[in-house]
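A.B. asks: Below you'll find the structure I mean.
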Amino acid sequence: MLPSRAPEAPAPGTPLGSHYDHCFGCGPQHPQGLQLSAVAGEGLDVTARFTVRPSHQGGPGLAHGGVLTTAMDETLGTLNWLLHAPAVTGRLETDFVRPVPVDAELYIRAWVTGVHGRKIYSAAEGRIGGPDGPVAIRAQALFIQVKLEHFTQHGRPEDIKKVLDDSDLLKRSRAFEVNP
């Protein structure tokens, strides 16, 4: 069953900022990261894009499959902003349809397919060169809703301190808190 978009969710068309500046997937300060940018869609969907750089290659001139999987995971994870529910990846299954060359831009669309209890089911596809380009990768995922304490209990203390010292990141994380 599909839930409603959370009233606190970012408005359609809103860029979804990095959840942490040094995140490999979306962090703008990670020098070798994807620096993926995502935007909230109209319903329970998001779009994202990133450019495959030479540091992302596996085979000569081609994106590494693990990097492409990371891009899918990152995009699927941004769906949680629309549900107002912090969650972590429980399972991610990818299908590689065609190779993605270095310097190509990958456009990813992800959407929620169902929610049951703490489980969030979702899917995504990545296209080369634009939203109507050829499909390069598809994914299906299961995310598990967690409390914010999951991150503070399991993360490195110095990284947690960086987030707590950054007022913008702290505001974004506080947005997920729900008063009992």
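Chain labels A, B, ... are given in the sequence in which chains occur in the structure tokens; within each chain residues are numbered consecutively from 1, and ligands are likewise numbered from 1 in the order shown.
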With the cut-off set at 6 Å and counting only C-alpha atoms, tabulate each residue of stretch 23-64 of chain A with an atom at most that distance from an atom of stretch 104-119 of chain A, showing the nearest atom pair and its distance in Å to one decimal, ordered by chain and increasing number, as CSV.
C.D. replies:
residue,atom,partner,partner_atom,distance
A:Leu44,CA,A:Trp111,CA,5.7
A:Asp45,CA,A:Trp111,CA,4.1
A:Val46,CA,A:Ala110,CA,5.4
A:Thr47,CA,A:Arg109,CA,4.4
A:Ala48,CA,A:Ile108,CA,5.0
A:Arg49,CA,A:Tyr107,CA,4.5
A:Phe50,CA,A:Leu106,CA,5.6
A:Thr51,CA,A:Glu105,CA,4.3
A:Val52,CA,A:Ala104,CA,5.6
A.B. asks: Within 10 Å of A:Thr89, counting only C-alpha atoms, which residues show up once you throw out same-chain ones fewer than 2 positions away? Write them as a list in words, please.
C.D. replies: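 Counting only the stated atoms, we get Asp73, Glu74, Leu76, Gly77, Ala87, Arg91, Leu92, Lys119, Ile120, Ala141, Leu142, Phe143, Ile144 and Gln145 of chain A.
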A.B. asks: Please produce a file of the residues just selected, as a compact mmCIF listing (two decimals), in the first residue's frame, where the atoms kept are all heavy atoms.
C.D. replies:
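Listed below is the output, result_30.txt:
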# COMPACT_ATOMS: atom_id res chain seq x y z
N ASP A 73 21.46 3.48 -4.80
CA ASP A 73 21.19 3.44 -3.37
C ASP A 73 21.00 4.85 -2.82
O ASP A 73 20.07 5.11 -2.05
CB ASP A 73 22.35 2.74 -2.65
CG ASP A 73 22.14 2.59 -1.16
OD1 ASP A 73 21.04 2.18 -0.74
OD2 ASP A 73 23.08 2.88 -0.41
N GLU A 74 21.86 5.76 -3.23
CA GLU A 74 21.77 7.14 -2.76
C GLU A 74 20.44 7.77 -3.18
O GLU A 74 19.75 8.41 -2.38
CB GLU A 74 22.94 7.96 -3.32
CG GLU A 74 23.06 9.32 -2.73
CD GLU A 74 23.47 9.29 -1.26
OE1 GLU A 74 24.24 8.40 -0.85
OE2 GLU A 74 22.99 10.17 -0.52
N LEU A 76 17.60 6.21 -4.12
CA LEU A 76 16.50 5.53 -3.43
C LEU A 76 16.40 6.00 -1.98
O LEU A 76 15.30 6.17 -1.45
CB LEU A 76 16.70 4.02 -3.50
CG LEU A 76 16.45 3.40 -4.87
CD1 LEU A 76 17.20 2.09 -5.02
CD2 LEU A 76 14.96 3.22 -5.11
N GLY A 77 17.53 6.25 -1.35
CA GLY A 77 17.52 6.72 0.03
C GLY A 77 16.91 8.10 0.20
O GLY A 77 16.36 8.41 1.26
N ALA A 87 15.61 6.11 7.37
CA ALA A 87 15.65 4.68 7.07
C ALA A 87 17.03 4.32 6.50
O ALA A 87 17.76 5.19 6.02
CB ALA A 87 14.56 4.33 6.07
N ARG A 91 18.04 -4.04 1.69
CA ARG A 91 18.36 -4.89 0.53
C ARG A 91 18.34 -4.00 -0.70
O ARG A 91 17.52 -3.10 -0.81
CB ARG A 91 17.33 -6.01 0.39
CG ARG A 91 17.68 -6.99 -0.75
CD ARG A 91 16.59 -8.02 -1.01
NE ARG A 91 15.49 -7.37 -1.72
CZ ARG A 91 14.25 -7.27 -1.26
NH1 ARG A 91 13.92 -7.77 -0.10
NH2 ARG A 91 13.32 -6.67 -1.97
N LEU A 92 19.25 -4.27 -1.61
CA LEU A 92 19.30 -3.54 -2.87
C LEU A 92 19.68 -4.51 -3.97
O LEU A 92 20.71 -5.18 -3.89
CB LEU A 92 20.33 -2.40 -2.80
CG LEU A 92 20.56 -1.59 -4.06
CD1 LEU A 92 19.28 -0.87 -4.49
CD2 LEU A 92 21.68 -0.59 -3.83
N LYS A 119 8.98 -1.23 6.88
CA LYS A 119 9.60 -1.54 5.59
C LYS A 119 9.11 -0.59 4.50
O LYS A 119 7.90 -0.41 4.33
CB LYS A 119 9.30 -2.98 5.19
CG LYS A 119 9.90 -3.99 6.14
CD LYS A 119 9.52 -5.39 5.71
CE LYS A 119 10.12 -6.42 6.67
NZ LYS A 119 9.74 -7.78 6.26
N ILE A 120 10.07 -0.03 3.77
CA ILE A 120 9.76 0.85 2.63
C ILE A 120 10.30 0.16 1.38
O ILE A 120 11.50 -0.11 1.28
CB ILE A 120 10.42 2.23 2.79
CG1 ILE A 120 9.97 2.90 4.09
CG2 ILE A 120 10.13 3.11 1.58
CD1 ILE A 120 10.78 4.13 4.46
N ALA A 141 14.62 -1.93 -4.06
CA ALA A 141 15.22 -1.84 -2.73
C ALA A 141 14.19 -2.01 -1.63
O ALA A 141 13.00 -1.77 -1.82
CB ALA A 141 15.93 -0.49 -2.57
N LEU A 142 14.71 -2.39 -0.49
CA LEU A 142 13.96 -2.44 0.75
C LEU A 142 14.73 -1.59 1.74
O LEU A 142 15.92 -1.82 1.98
CB LEU A 142 13.86 -3.87 1.28
CG LEU A 142 13.41 -4.03 2.73
CD1 LEU A 142 11.97 -3.57 2.91
CD2 LEU A 142 13.59 -5.47 3.18
N PHE A 143 14.08 -0.57 2.28
CA PHE A 143 14.66 0.26 3.33
C PHE A 143 13.92 -0.03 4.62
O PHE A 143 12.72 -0.34 4.60
CB PHE A 143 14.54 1.75 2.99
CG PHE A 143 15.59 2.21 2.03
CD1 PHE A 143 15.51 1.92 0.68
CD2 PHE A 143 16.69 2.93 2.48
CE1 PHE A 143 16.48 2.32 -0.21
CE2 PHE A 143 17.68 3.35 1.60
CZ PHE A 143 17.57 3.05 0.26
N ILE A 144 14.63 0.07 5.73
CA ILE A 144 14.05 -0.17 7.05
C ILE A 144 14.08 1.14 7.83
O ILE A 144 15.15 1.75 7.98
CB ILE A 144 14.82 -1.25 7.83
CG1 ILE A 144 14.99 -2.53 7.00
CG2 ILE A 144 14.16 -1.51 9.19
CD1 ILE A 144 13.70 -3.22 6.64
N GLN A 145 12.91 1.57 8.31
CA GLN A 145 12.86 2.79 9.11
C GLN A 145 13.59 2.57 10.43
O GLN A 145 13.45 1.51 11.06
CB GLN A 145 11.41 3.19 9.38
CG GLN A 145 10.68 3.65 8.14
CD GLN A 145 9.25 4.06 8.43
OE1 GLN A 145 8.92 4.44 9.55
NE2 GLN A 145 8.41 3.99 7.42
A.B. asks: Ranking A:Ala124, A:Ala40, A:Leu79, A:Val100 by minimum distance to A:Gln57 and counting only C-alpha atoms, which one comes first?
C.D. replies: A:Val100
A.B. asks: Which polymer residues have any atom within 6 Å of an atom of A:Pro101, counting only C-alpha atoms, with same-chain residues fewer than 2 positions away left out, as a count of residues only?
C.D. replies: 4
A.B. asks: Please, what distance in Å, to one decimal, runs between atom CA of A:Gly90 and atom CA of A:Pro134?
C.D. replies: 28.0 Å
A.B. asks: Rounded to one decimal place, report the atom CA of A:Ser122-atom CA of A:Gln140 distance in Å.
C.D. replies: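 Separation of atom CA of A:Ser122 and atom CA of A:Gln140: 5.8 Å.
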A.B. asks: In Å, with one decimal, what is the gap from atom CA of A:Gly43 to atom CA of A:Arg138?
C.D. replies: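 A separation of 19.8 Å between them.
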